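Colleague: This structure is in structure tokens; I'll ask about it shortly.
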Amino acid sequence: MNRRYTIQRSLVLDVVKELRRHVTADEVYDMIVKKHPDISRGTVYRNLNLLSDIGEIRKVEMPGGAALYDHLRHDHYHAKCVKCGRVFDVKMEFLTGLENNVKDTQGFVFTGHDIIFKGICRECNT
């Protein structure tokens with residue numbers, strides 16, 4: 001299906017790229033609504049999901065928390081600070097096909113993987 005590129009979609013993509021960090025849908029909405037008060041929260045959420053579906057941004061599912069949206073689209077891992085909750089990119093080789101090594105007993109068909117390391121960030125460790 002050929003989707004037209006709307007002004008709203010462009011606004012959402014521009015904010016994610018401008019912030020250059022892992023952002024929640026609410027953070028994206030809060031940035032956009034300052035200059036475009038007529039945009040709805042639902043429009044921002046729909047466009048974030050669409051942009052991640054088409055590979056323009058990356059959606060990072062956070063266990064027990066809100067999904068984050070990342071301007072970096074390539075496969076990579078993340079670390080979450082257990083004190084402040086911020087999420088950082090981890091510099092390590094992405095293990096392509098790691099999910100193929102899982103011994104499944106529950107009937108899963110694995111389609112990929114995400115790894116989120118946890119620790120204490122530099123700012124919280126000082």
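How things are named: the first chain in the structure tokens is A, the next is B, and so on; residues count from 1 in each chain; ligands count from 1 in the order shown.
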Just want the 10 Å neighbourhood of A:Asn100, counted on only C-alpha atoms, with same-chain residues fewer than 6 positions away dropped. Output as a VMD selection string.
Modeller: chain A and resid 109 to 113
Colleague: What's the 10 Å shell around A:Met92, counting only C-alpha atoms, without same-chain residues fewer than 4 positions away, as a PyMOL selection string?
Modeller: chain A and resi 76-78
Colleague: Pick out the closest residue to A:Leu98 from this set: A:Arg58, A:Cys84, A:Asp114, A:Ser52. Count only C-alpha atoms.
Modeller: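 Using only C-alpha atoms, the shortest distance to A:Leu98 belongs to A:Asp114.
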Colleague: Quick one: residues within 12 Å of stretch 60-63 of chain A, only C-alpha atoms, excluding same-chain residues fewer than 4 positions away - as a PDB file with all heavy atoms, in the first residue's frame?
Modeller:
```pdb
ATOM      1  N   ARG A  21      17.792  11.089  20.774  1.00  0.00           N
ATOM      2  CA  ARG A  21      17.855  10.217  21.940  1.00  0.00           C
ATOM      3  C   ARG A  21      16.618   9.335  21.915  1.00  0.00           C
ATOM      4  O   ARG A  21      15.797   9.446  21.024  1.00  0.00           O
ATOM      5  CB  ARG A  21      17.957  11.019  23.234  1.00  0.00           C
ATOM      6  CG  ARG A  21      16.804  11.963  23.485  1.00  0.00           C
ATOM      7  CD  ARG A  21      16.982  12.741  24.789  1.00  0.00           C
ATOM      8  NE  ARG A  21      15.962  13.750  24.967  1.00  0.00           N
ATOM      9  CZ  ARG A  21      14.743  13.510  25.434  1.00  0.00           C
ATOM     10  NH1 ARG A  21      14.388  12.298  25.798  1.00  0.00           N
ATOM     11  NH2 ARG A  21      13.869  14.486  25.571  1.00  0.00           N
ATOM     12  N   HIS A  22      16.493   8.479  22.873  1.00  0.00           N
ATOM     13  CA  HIS A  22      15.341   7.576  22.961  1.00  0.00           C
ATOM     14  C   HIS A  22      14.193   8.345  23.614  1.00  0.00           C
ATOM     15  O   HIS A  22      14.320   8.769  24.758  1.00  0.00           O
ATOM     16  CB  HIS A  22      15.719   6.349  23.774  1.00  0.00           C
ATOM     17  CG  HIS A  22      16.944   5.680  23.232  1.00  0.00           C
ATOM     18  ND1 HIS A  22      18.215   6.003  23.654  1.00  0.00           N
ATOM     19  CD2 HIS A  22      17.079   4.739  22.282  1.00  0.00           C
ATOM     20  CE1 HIS A  22      19.080   5.271  22.986  1.00  0.00           C
ATOM     21  NE2 HIS A  22      18.428   4.491  22.157  1.00  0.00           N
ATOM     22  N   VAL A  23      13.099   8.513  22.877  1.00  0.00           N
ATOM     23  CA  VAL A  23      11.998   9.358  23.349  1.00  0.00           C
ATOM     24  C   VAL A  23      10.702   8.570  23.420  1.00  0.00           C
ATOM     25  O   VAL A  23      10.480   7.632  22.657  1.00  0.00           O
ATOM     26  CB  VAL A  23      11.798  10.595  22.443  1.00  0.00           C
ATOM     27  CG1 VAL A  23      12.984  11.528  22.529  1.00  0.00           C
ATOM     28  CG2 VAL A  23      11.530  10.199  20.998  1.00  0.00           C
ATOM     29  N   THR A  24       9.832   8.980  24.332  1.00  0.00           N
ATOM     30  CA  THR A  24       8.503   8.394  24.423  1.00  0.00           C
ATOM     31  C   THR A  24       7.567   9.133  23.470  1.00  0.00           C
ATOM     32  O   THR A  24       7.854  10.253  23.029  1.00  0.00           O
ATOM     33  CB  THR A  24       7.933   8.498  25.847  1.00  0.00           C
ATOM     34  OG1 THR A  24       7.740   9.883  26.168  1.00  0.00           O
ATOM     35  CG2 THR A  24       8.834   7.828  26.871  1.00  0.00           C
ATOM     36  N   ALA A  25       6.429   8.526  23.210  1.00  0.00           N
ATOM     37  CA  ALA A  25       5.421   9.168  22.374  1.00  0.00           C
ATOM     38  C   ALA A  25       4.956  10.475  23.017  1.00  0.00           C
ATOM     39  O   ALA A  25       4.727  11.467  22.326  1.00  0.00           O
ATOM     40  CB  ALA A  25       4.242   8.224  22.158  1.00  0.00           C
ATOM     41  N   LEU A  48       4.074   7.624  14.864  1.00  0.00           N
ATOM     42  CA  LEU A  48       5.258   6.964  15.418  1.00  0.00           C
ATOM     43  C   LEU A  48       5.252   5.482  15.071  1.00  0.00           C
ATOM     44  O   LEU A  48       6.267   4.926  14.643  1.00  0.00           O
ATOM     45  CB  LEU A  48       5.325   7.144  16.939  1.00  0.00           C
ATOM     46  CG  LEU A  48       5.809   8.496  17.427  1.00  0.00           C
ATOM     47  CD1 LEU A  48       5.506   8.675  18.911  1.00  0.00           C
ATOM     48  CD2 LEU A  48       7.291   8.682  17.151  1.00  0.00           C
ATOM     49  N   ASN A  49       4.105   4.842  15.245  1.00  0.00           N
ATOM     50  CA  ASN A  49       4.013   3.418  14.930  1.00  0.00           C
ATOM     51  C   ASN A  49       4.185   3.164  13.446  1.00  0.00           C
ATOM     52  O   ASN A  49       4.871   2.209  13.053  1.00  0.00           O
ATOM     53  CB  ASN A  49       2.697   2.840  15.455  1.00  0.00           C
ATOM     54  CG  ASN A  49       2.723   2.686  16.958  1.00  0.00           C
ATOM     55  OD1 ASN A  49       3.711   2.253  17.528  1.00  0.00           O
ATOM     56  ND2 ASN A  49       1.646   3.052  17.611  1.00  0.00           N
ATOM     57  N   SER A  52       7.849   3.545  12.535  1.00  0.00           N
ATOM     58  CA  SER A  52       8.647   2.389  12.951  1.00  0.00           C
ATOM     59  C   SER A  52       8.333   1.185  12.069  1.00  0.00           C
ATOM     60  O   SER A  52       9.239   0.424  11.721  1.00  0.00           O
ATOM     61  CB  SER A  52       8.456   2.073  14.431  1.00  0.00           C
ATOM     62  OG  SER A  52       7.167   1.594  14.693  1.00  0.00           O
ATOM     63  N   ASP A  53       7.081   1.020  11.663  1.00  0.00           N
ATOM     64  CA  ASP A  53       6.708  -0.092  10.784  1.00  0.00           C
ATOM     65  C   ASP A  53       7.407  -0.019   9.434  1.00  0.00           C
ATOM     66  O   ASP A  53       7.785  -1.047   8.866  1.00  0.00           O
ATOM     67  CB  ASP A  53       5.195  -0.132  10.554  1.00  0.00           C
ATOM     68  CG  ASP A  53       4.404  -0.592  11.771  1.00  0.00           C
ATOM     69  OD1 ASP A  53       5.028  -1.125  12.721  1.00  0.00           O
ATOM     70  OD2 ASP A  53       3.174  -0.396  11.775  1.00  0.00           O
ATOM     71  N   ALA A  67       7.056   2.350  25.418  1.00  0.00           N
ATOM     72  CA  ALA A  67       7.933   2.139  24.261  1.00  0.00           C
ATOM     73  C   ALA A  67       8.718   3.420  23.995  1.00  0.00           C
ATOM     74  O   ALA A  67       8.237   4.529  24.244  1.00  0.00           O
ATOM     75  CB  ALA A  67       7.103   1.775  23.031  1.00  0.00           C
ATOM     76  N   LEU A  68       9.935   3.248  23.515  1.00  0.00           N
ATOM     77  CA  LEU A  68      10.777   4.384  23.151  1.00  0.00           C
ATOM     78  C   LEU A  68      10.990   4.365  21.646  1.00  0.00           C
ATOM     79  O   LEU A  68      10.956   3.304  21.017  1.00  0.00           O
ATOM     80  CB  LEU A  68      12.127   4.296  23.859  1.00  0.00           C
ATOM     81  CG  LEU A  68      12.078   4.310  25.379  1.00  0.00           C
ATOM     82  CD1 LEU A  68      13.474   4.122  25.954  1.00  0.00           C
ATOM     83  CD2 LEU A  68      11.457   5.597  25.890  1.00  0.00           C
ATOM     84  N   TYR A  69      11.241   5.534  21.093  1.00  0.00           N
ATOM     85  CA  TYR A  69      11.480   5.657  19.658  1.00  0.00           C
ATOM     86  C   TYR A  69      12.880   6.216  19.470  1.00  0.00           C
ATOM     87  O   TYR A  69      13.282   7.168  20.124  1.00  0.00           O
ATOM     88  CB  TYR A  69      10.404   6.527  19.023  1.00  0.00           C
ATOM     89  CG  TYR A  69       9.054   5.877  19.171  1.00  0.00           C
ATOM     90  CD1 TYR A  69       8.262   6.123  20.289  1.00  0.00           C
ATOM     91  CD2 TYR A  69       8.601   4.959  18.238  1.00  0.00           C
ATOM     92  CE1 TYR A  69       7.040   5.488  20.457  1.00  0.00           C
ATOM     93  CE2 TYR A  69       7.383   4.320  18.395  1.00  0.00           C
ATOM     94  CZ  TYR A  69       6.617   4.594  19.506  1.00  0.00           C
ATOM     95  OH  TYR A  69       5.415   3.947  19.668  1.00  0.00           O
ATOM     96  N   ASP A  70      13.601   5.579  18.578  1.00  0.00           N
ATOM     97  CA  ASP A  70      15.031   5.824  18.390  1.00  0.00           C
ATOM     98  C   ASP A  70      15.269   6.323  16.972  1.00  0.00           C
ATOM     99  O   ASP A  70      14.760   5.736  16.017  1.00  0.00           O
ATOM    100  CB  ASP A  70      15.766   4.501  18.622  1.00  0.00           C
ATOM    101  CG  ASP A  70      17.271   4.630  18.746  1.00  0.00           C
ATOM    102  OD1 ASP A  70      17.820   5.695  18.417  1.00  0.00           O
ATOM    103  OD2 ASP A  70      17.901   3.640  19.161  1.00  0.00           O
ATOM    104  N   HIS A  71      16.066   7.375  16.833  1.00  0.00           N
ATOM    105  CA  HIS A  71      16.390   7.891  15.495  1.00  0.00           C
ATOM    106  C   HIS A  71      17.367   6.977  14.761  1.00  0.00           C
ATOM    107  O   HIS A  71      17.445   7.020  13.538  1.00  0.00           O
ATOM    108  CB  HIS A  71      16.937   9.311  15.589  1.00  0.00           C
ATOM    109  CG  HIS A  71      18.308   9.391  16.196  1.00  0.00           C
ATOM    110  ND1 HIS A  71      18.532   9.232  17.547  1.00  0.00           N
ATOM    111  CD2 HIS A  71      19.510   9.591  15.634  1.00  0.00           C
ATOM    112  CE1 HIS A  71      19.816   9.343  17.787  1.00  0.00           C
ATOM    113  NE2 HIS A  71      20.446   9.560  16.645  1.00  0.00           N
ATOM    114  N   LEU A  72      18.094   6.137  15.500  1.00  0.00           N
ATOM    115  CA  LEU A  72      19.015   5.185  14.874  1.00  0.00           C
ATOM    116  C   LEU A  72      18.223   3.960  14.424  1.00  0.00           C
ATOM    117  O   LEU A  72      17.600   3.296  15.248  1.00  0.00           O
ATOM    118  CB  LEU A  72      20.121   4.767  15.848  1.00  0.00           C
ATOM    119  CG  LEU A  72      21.047   5.877  16.316  1.00  0.00           C
ATOM    120  CD1 LEU A  72      22.035   5.339  17.339  1.00  0.00           C
ATOM    121  CD2 LEU A  72      21.777   6.504  15.129  1.00  0.00           C
ATOM    122  N   ARG A  73      18.287   3.666  13.143  1.00  0.00           N
ATOM    123  CA  ARG A  73      17.445   2.605  12.594  1.00  0.00           C
ATOM    124  C   ARG A  73      18.139   1.247  12.522  1.00  0.00           C
ATOM    125  O   ARG A  73      17.485   0.228  12.403  1.00  0.00           O
ATOM    126  CB  ARG A  73      16.978   2.995  11.192  1.00  0.00           C
ATOM    127  CG  ARG A  73      16.221   4.306  11.199  1.00  0.00           C
ATOM    128  CD  ARG A  73      15.756   4.718   9.850  1.00  0.00           C
ATOM    129  NE  ARG A  73      16.849   4.757   8.878  1.00  0.00           N
ATOM    130  CZ  ARG A  73      16.683   5.059   7.618  1.00  0.00           C
ATOM    131  NH1 ARG A  73      15.483   5.316   7.151  1.00  0.00           N
ATOM    132  NH2 ARG A  73      17.711   5.095   6.799  1.00  0.00           N
ATOM    133  N   HIS A  74      19.457   1.232  12.599  1.00  0.00           N
ATOM    134  CA  HIS A  74      20.168  -0.037  12.462  1.00  0.00           C
ATOM    135  C   HIS A  74      19.995  -0.899  13.723  1.00  0.00           C
ATOM    136  O   HIS A  74      19.679  -0.394  14.796  1.00  0.00           O
ATOM    137  CB  HIS A  74      21.651   0.201  12.169  1.00  0.00           C
ATOM    138  CG  HIS A  74      22.377   0.866  13.290  1.00  0.00           C
ATOM    139  ND1 HIS A  74      22.351   2.226  13.497  1.00  0.00           N
ATOM    140  CD2 HIS A  74      23.132   0.359  14.285  1.00  0.00           C
ATOM    141  CE1 HIS A  74      23.064   2.525  14.567  1.00  0.00           C
ATOM    142  NE2 HIS A  74      23.547   1.410  15.067  1.00  0.00           N
ATOM    143  N   ASP A  75      20.195  -2.208  13.561  1.00  0.00           N
ATOM    144  CA  ASP A  75      20.110  -3.124  14.695  1.00  0.00           C
ATOM    145  C   ASP A  75      21.215  -2.805  15.696  1.00  0.00           C
ATOM    146  O   ASP A  75      22.390  -2.724  15.324  1.00  0.00           O
ATOM    147  CB  ASP A  75      20.258  -4.576  14.223  1.00  0.00           C
ATOM    148  CG  ASP A  75      19.047  -5.058  13.455  1.00  0.00           C
ATOM    149  OD1 ASP A  75      17.934  -4.545  13.697  1.00  0.00           O
ATOM    150  OD2 ASP A  75      19.200  -5.960  12.607  1.00  0.00           O
ATOM    151  N   HIS A  76      20.842  -2.617  16.949  1.00  0.00           N
ATOM    152  CA  HIS A  76      21.811  -2.359  18.009  1.00  0.00           C
ATOM    153  C   HIS A  76      21.146  -2.621  19.360  1.00  0.00           C
ATOM    154  O   HIS A  76      19.936  -2.784  19.443  1.00  0.00           O
ATOM    155  CB  HIS A  76      22.369  -0.932  17.930  1.00  0.00           C
ATOM    156  CG  HIS A  76      21.334   0.143  18.114  1.00  0.00           C
ATOM    157  ND1 HIS A  76      20.440   0.512  17.135  1.00  0.00           N
ATOM    158  CD2 HIS A  76      21.065   0.925  19.172  1.00  0.00           C
ATOM    159  CE1 HIS A  76      19.661   1.488  17.580  1.00  0.00           C
ATOM    160  NE2 HIS A  76      20.011   1.754  18.819  1.00  0.00           N
ATOM    161  N   TYR A  77      21.968  -2.678  20.382  1.00  0.00           N
ATOM    162  CA  TYR A  77      21.488  -2.974  21.730  1.00  0.00           C
ATOM    163  C   TYR A  77      21.441  -1.714  22.586  1.00  0.00           C
ATOM    164  O   TYR A  77      21.994  -0.680  22.229  1.00  0.00           O
ATOM    165  CB  TYR A  77      22.396  -4.020  22.391  1.00  0.00           C
ATOM    166  CG  TYR A  77      22.404  -5.329  21.635  1.00  0.00           C
ATOM    167  CD1 TYR A  77      23.579  -5.826  21.097  1.00  0.00           C
ATOM    168  CD2 TYR A  77      21.240  -6.062  21.455  1.00  0.00           C
ATOM    169  CE1 TYR A  77      23.594  -7.026  20.400  1.00  0.00           C
ATOM    170  CE2 TYR A  77      21.240  -7.263  20.760  1.00  0.00           C
ATOM    171  CZ  TYR A  77      22.418  -7.737  20.239  1.00  0.00           C
ATOM    172  OH  TYR A  77      22.430  -8.917  19.543  1.00  0.00           O
ATOM    173  N   HIS A  78      20.775  -1.850  23.735  1.00  0.00           N
ATOM    174  CA  HIS A  78      20.569  -0.716  24.631  1.00  0.00           C
ATOM    175  C   HIS A  78      20.922  -1.091  26.066  1.00  0.00           C
ATOM    176  O   HIS A  78      20.931  -2.266  26.426  1.00  0.00           O
ATOM    177  CB  HIS A  78      19.105  -0.269  24.566  1.00  0.00           C
ATOM    178  CG  HIS A  78      18.710   0.224  23.225  1.00  0.00           C
ATOM    179  ND1 HIS A  78      18.136  -0.592  22.272  1.00  0.00           N
ATOM    180  CD2 HIS A  78      18.852   1.434  22.652  1.00  0.00           C
ATOM    181  CE1 HIS A  78      17.923   0.110  21.172  1.00  0.00           C
ATOM    182  NE2 HIS A  78      18.340   1.338  21.374  1.00  0.00           N
ATOM    183  N   ALA A  79      21.173  -0.068  26.874  1.00  0.00           N
ATOM    184  CA  ALA A  79      21.383  -0.222  28.313  1.00  0.00           C
ATOM    185  C   ALA A  79      20.468   0.775  29.019  1.00  0.00           C
ATOM    186  O   ALA A  79      20.322   1.917  28.569  1.00  0.00           O
ATOM    187  CB  ALA A  79      22.833   0.047  28.688  1.00  0.00           C
ATOM    188  N   LYS A  80      19.866   0.337  30.106  1.00  0.00           N
ATOM    189  CA  LYS A  80      18.981   1.195  30.883  1.00  0.00           C
ATOM    190  C   LYS A  80      19.571   1.394  32.272  1.00  0.00           C
ATOM    191  O   LYS A  80      19.952   0.426  32.945  1.00  0.00           O
ATOM    192  CB  LYS A  80      17.592   0.558  30.997  1.00  0.00           C
ATOM    193  CG  LYS A  80      16.619   1.412  31.774  1.00  0.00           C
ATOM    194  CD  LYS A  80      15.236   0.795  31.790  1.00  0.00           C
ATOM    195  CE  LYS A  80      14.281   1.705  32.565  1.00  0.00           C
ATOM    196  NZ  LYS A  80      12.935   1.155  32.595  1.00  0.00           N
ATOM    197  N   GLY A  85      16.694   5.704  34.947  1.00  0.00           N
ATOM    198  CA  GLY A  85      15.783   5.173  33.940  1.00  0.00           C
ATOM    199  C   GLY A  85      16.105   5.536  32.504  1.00  0.00           C
ATOM    200  O   GLY A  85      15.408   5.099  31.592  1.00  0.00           O
ATOM    201  N   ARG A  86      17.158   6.334  32.286  1.00  0.00           N
ATOM    202  CA  ARG A  86      17.511   6.705  30.911  1.00  0.00           C
ATOM    203  C   ARG A  86      18.040   5.496  30.161  1.00  0.00           C
ATOM    204  O   ARG A  86      18.591   4.575  30.749  1.00  0.00           O
ATOM    205  CB  ARG A  86      18.535   7.836  30.888  1.00  0.00           C
ATOM    206  CG  ARG A  86      17.944   9.150  31.361  1.00  0.00           C
ATOM    207  CD  ARG A  86      18.869  10.304  31.182  1.00  0.00           C
ATOM    208  NE  ARG A  86      20.257   9.927  31.460  1.00  0.00           N
ATOM    209  CZ  ARG A  86      21.293  10.723  31.286  1.00  0.00           C
ATOM    210  NH1 ARG A  86      21.133  11.932  30.847  1.00  0.00           N
ATOM    211  NH2 ARG A  86      22.504  10.316  31.570  1.00  0.00           N
ATOM    212  N   VAL A  87      17.872   5.546  28.830  1.00  0.00           N
ATOM    213  CA  VAL A  87      18.293   4.451  27.964  1.00  0.00           C
ATOM    214  C   VAL A  87      19.392   4.956  27.037  1.00  0.00           C
ATOM    215  O   VAL A  87      19.295   6.060  26.488  1.00  0.00           O
ATOM    216  CB  VAL A  87      17.099   3.903  27.156  1.00  0.00           C
ATOM    217  CG1 VAL A  87      17.537   2.860  26.152  1.00  0.00           C
ATOM    218  CG2 VAL A  87      16.052   3.331  28.109  1.00  0.00           C
ATOM    219  N   PHE A  88      20.417   4.146  26.874  1.00  0.00           N
ATOM    220  CA  PHE A  88      21.584   4.496  26.070  1.00  0.00           C
ATOM    221  C   PHE A  88      21.837   3.415  25.029  1.00  0.00           C
ATOM    222  O   PHE A  88      21.496   2.256  25.235  1.00  0.00           O
ATOM    223  CB  PHE A  88      22.828   4.606  26.972  1.00  0.00           C
ATOM    224  CG  PHE A  88      22.687   5.608  28.080  1.00  0.00           C
ATOM    225  CD1 PHE A  88      22.095   5.255  29.285  1.00  0.00           C
ATOM    226  CD2 PHE A  88      23.151   6.903  27.925  1.00  0.00           C
ATOM    227  CE1 PHE A  88      21.967   6.170  30.317  1.00  0.00           C
ATOM    228  CE2 PHE A  88      23.019   7.827  28.944  1.00  0.00           C
ATOM    229  CZ  PHE A  88      22.425   7.471  30.144  1.00  0.00           C
ATOM    230  N   ASP A  89      22.482   3.799  23.937  1.00  0.00           N
ATOM    231  CA  ASP A  89      22.926   2.822  22.949  1.00  0.00           C
ATOM    232  C   ASP A  89      24.176   2.123  23.460  1.00  0.00           C
ATOM    233  O   ASP A  89      25.002   2.734  24.137  1.00  0.00           O
ATOM    234  CB  ASP A  89      23.255   3.509  21.615  1.00  0.00           C
ATOM    235  CG  ASP A  89      22.020   4.114  20.969  1.00  0.00           C
ATOM    236  OD1 ASP A  89      20.956   3.480  21.025  1.00  0.00           O
ATOM    237  OD2 ASP A  89      22.125   5.222  20.422  1.00  0.00           O
ATOM    238  N   HIS A 113      15.293 -10.297  17.914  1.00  0.00           N
ATOM    239  CA  HIS A 113      15.563 -10.136  19.341  1.00  0.00           C
ATOM    240  C   HIS A 113      16.010  -8.715  19.647  1.00  0.00           C
ATOM    241  O   HIS A 113      16.497  -7.999  18.777  1.00  0.00           O
ATOM    242  CB  HIS A 113      16.633 -11.127  19.815  1.00  0.00           C
ATOM    243  CG  HIS A 113      18.000 -10.831  19.291  1.00  0.00           C
ATOM    244  ND1 HIS A 113      18.420 -11.217  18.047  1.00  0.00           N
ATOM    245  CD2 HIS A 113      19.049 -10.175  19.861  1.00  0.00           C
ATOM    246  CE1 HIS A 113      19.668 -10.812  17.869  1.00  0.00           C
ATOM    247  NE2 HIS A 113      20.071 -10.184  18.959  1.00  0.00           N
ATOM    248  N   ASP A 114      15.798  -8.325  20.890  1.00  0.00           N
ATOM    249  CA  ASP A 114      16.305  -7.075  21.451  1.00  0.00           C
ATOM    250  C   ASP A 114      16.936  -7.444  22.777  1.00  0.00           C
ATOM    251  O   ASP A 114      16.396  -8.281  23.508  1.00  0.00           O
ATOM    252  CB  ASP A 114      15.176  -6.071  21.718  1.00  0.00           C
ATOM    253  CG  ASP A 114      14.586  -5.514  20.444  1.00  0.00           C
ATOM    254  OD1 ASP A 114      15.356  -5.091  19.578  1.00  0.00           O
ATOM    255  OD2 ASP A 114      13.344  -5.500  20.319  1.00  0.00           O
ATOM    256  N   ILE A 115      18.057  -6.833  23.075  1.00  0.00           N
ATOM    257  CA  ILE A 115      18.691  -7.049  24.365  1.00  0.00           C
ATOM    258  C   ILE A 115      18.835  -5.689  25.037  1.00  0.00           C
ATOM    259  O   ILE A 115      19.318  -4.733  24.419  1.00  0.00           O
ATOM    260  CB  ILE A 115      20.072  -7.721  24.221  1.00  0.00           C
ATOM    261  CG1 ILE A 115      19.902  -9.130  23.644  1.00  0.00           C
ATOM    262  CG2 ILE A 115      20.803  -7.754  25.568  1.00  0.00           C
ATOM    263  CD1 ILE A 115      21.204  -9.855  23.365  1.00  0.00           C
ATOM    264  N   ILE A 116      18.397  -5.619  26.294  1.00  0.00           N
ATOM    265  CA  ILE A 116      18.532  -4.391  27.066  1.00  0.00           C
ATOM    266  C   ILE A 116      19.363  -4.731  28.302  1.00  0.00           C
ATOM    267  O   ILE A 116      18.925  -5.504  29.161  1.00  0.00           O
ATOM    268  CB  ILE A 116      17.164  -3.827  27.467  1.00  0.00           C
ATOM    269  CG1 ILE A 116      16.329  -3.547  26.208  1.00  0.00           C
ATOM    270  CG2 ILE A 116      17.334  -2.562  28.307  1.00  0.00           C
ATOM    271  CD1 ILE A 116      14.883  -3.267  26.475  1.00  0.00           C
ATOM    272  N   PHE A 117      20.555  -4.180  28.360  1.00  0.00           N
ATOM    273  CA  PHE A 117      21.417  -4.362  29.513  1.00  0.00           C
ATOM    274  C   PHE A 117      20.975  -3.378  30.595  1.00  0.00           C
ATOM    275  O   PHE A 117      20.379  -2.349  30.297  1.00  0.00           O
ATOM    276  CB  PHE A 117      22.884  -4.098  29.135  1.00  0.00           C
ATOM    277  CG  PHE A 117      23.413  -5.068  28.128  1.00  0.00           C
ATOM    278  CD1 PHE A 117      23.370  -4.779  26.768  1.00  0.00           C
ATOM    279  CD2 PHE A 117      23.960  -6.280  28.524  1.00  0.00           C
ATOM    280  CE1 PHE A 117      23.858  -5.682  25.834  1.00  0.00           C
ATOM    281  CE2 PHE A 117      24.451  -7.186  27.600  1.00  0.00           C
ATOM    282  CZ  PHE A 117      24.395  -6.878  26.247  1.00  0.00           C
ATOM    283  N   LYS A 118      21.271  -3.678  31.840  1.00  0.00           N
ATOM    284  CA  LYS A 118      20.961  -2.740  32.916  1.00  0.00           C
ATOM    285  C   LYS A 118      22.209  -2.469  33.725  1.00  0.00           C
ATOM    286  O   LYS A 118      23.121  -3.294  33.797  1.00  0.00           O
ATOM    287  CB  LYS A 118      19.828  -3.254  33.783  1.00  0.00           C
ATOM    288  CG  LYS A 118      20.081  -4.581  34.444  1.00  0.00           C
ATOM    289  CD  LYS A 118      18.852  -5.028  35.196  1.00  0.00           C
ATOM    290  CE  LYS A 118      19.077  -6.416  35.781  1.00  0.00           C
ATOM    291  NZ  LYS A 118      17.920  -6.881  36.514  1.00  0.00           N
TER     292      LYS A 118
END
```
Colleague: Would you return as number ranges by chain the members of stretch 17-117 of chain A that DSSP assigns to helix (DSSP H, G or I) on this structure's backbone?
Modeller: A: 17-19, 25-35, 41-53, 98-101
Colleague: Of the candidates A:Leu11, A:Glu93, A:Leu50, A:Arg20, which one gets nearest to A:Ile32 if we count only C-alpha atoms?
Modeller: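 Smallest distance to A:Ile32 is found for A:Leu11.
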Colleague: Which of these residues is nearest to A:Pro37, using only C-alpha atoms: A:Gln8, A:Cys121, A:Leu13, A:Leu51?
Modeller: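 Among the listed residues, A:Gln8 lies closest to A:Pro37.
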Colleague: Among stretch 16-123 of chain A, which residues carry a DSSP assignment of strand (DSSP E), reported as an MDAnalysis selection string?
Modeller: chainID A and resid 58:60 68:70 77:81 87:90 116:119
Colleague: A:Val82, A:Val44, A:Ile39, A:Arg9: which is nearest A:Asp26, counting only C-alpha atoms?
Modeller: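 Ranking A:Val82, A:Val44, A:Ile39, A:Arg9 by distance to A:Asp26, first place goes to A:Val44.
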Colleague: What does the distance between atom CA of A:His36 and atom CA of A:Glu18 come to in Å, to one decimal place?
Modeller: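 About the pair atom CA of A:His36 and atom CA of A:Glu18: they are 16.3 Å apart.
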Colleague: Give me, please, the distance in Å between atom CA of A:Tyr45 and atom CA of A:Asp14, quoted to one decimal.
Modeller: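 Taking atom CA of A:Tyr45 and atom CA of A:Asp14, their separation equals 14.4 Å.
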Colleague: For the atom pair atom CA of A:Phe94 and atom CA of A:Val15, what is the interatomic distance in Å to one decimal place?
Modeller: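 Computing the Euclidean distance for atom CA of A:Phe94 and atom CA of A:Val15 yields 26.5 Å.
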Colleague: May I ask which of the residues A:Cys81, A:Val102, A:Ile57, A:Leu95 is the closest one to A:Asn125, counting only C-alpha atoms?
Modeller: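 Of the candidates, the smallest distance to A:Asn125 is held by A:Cys81.
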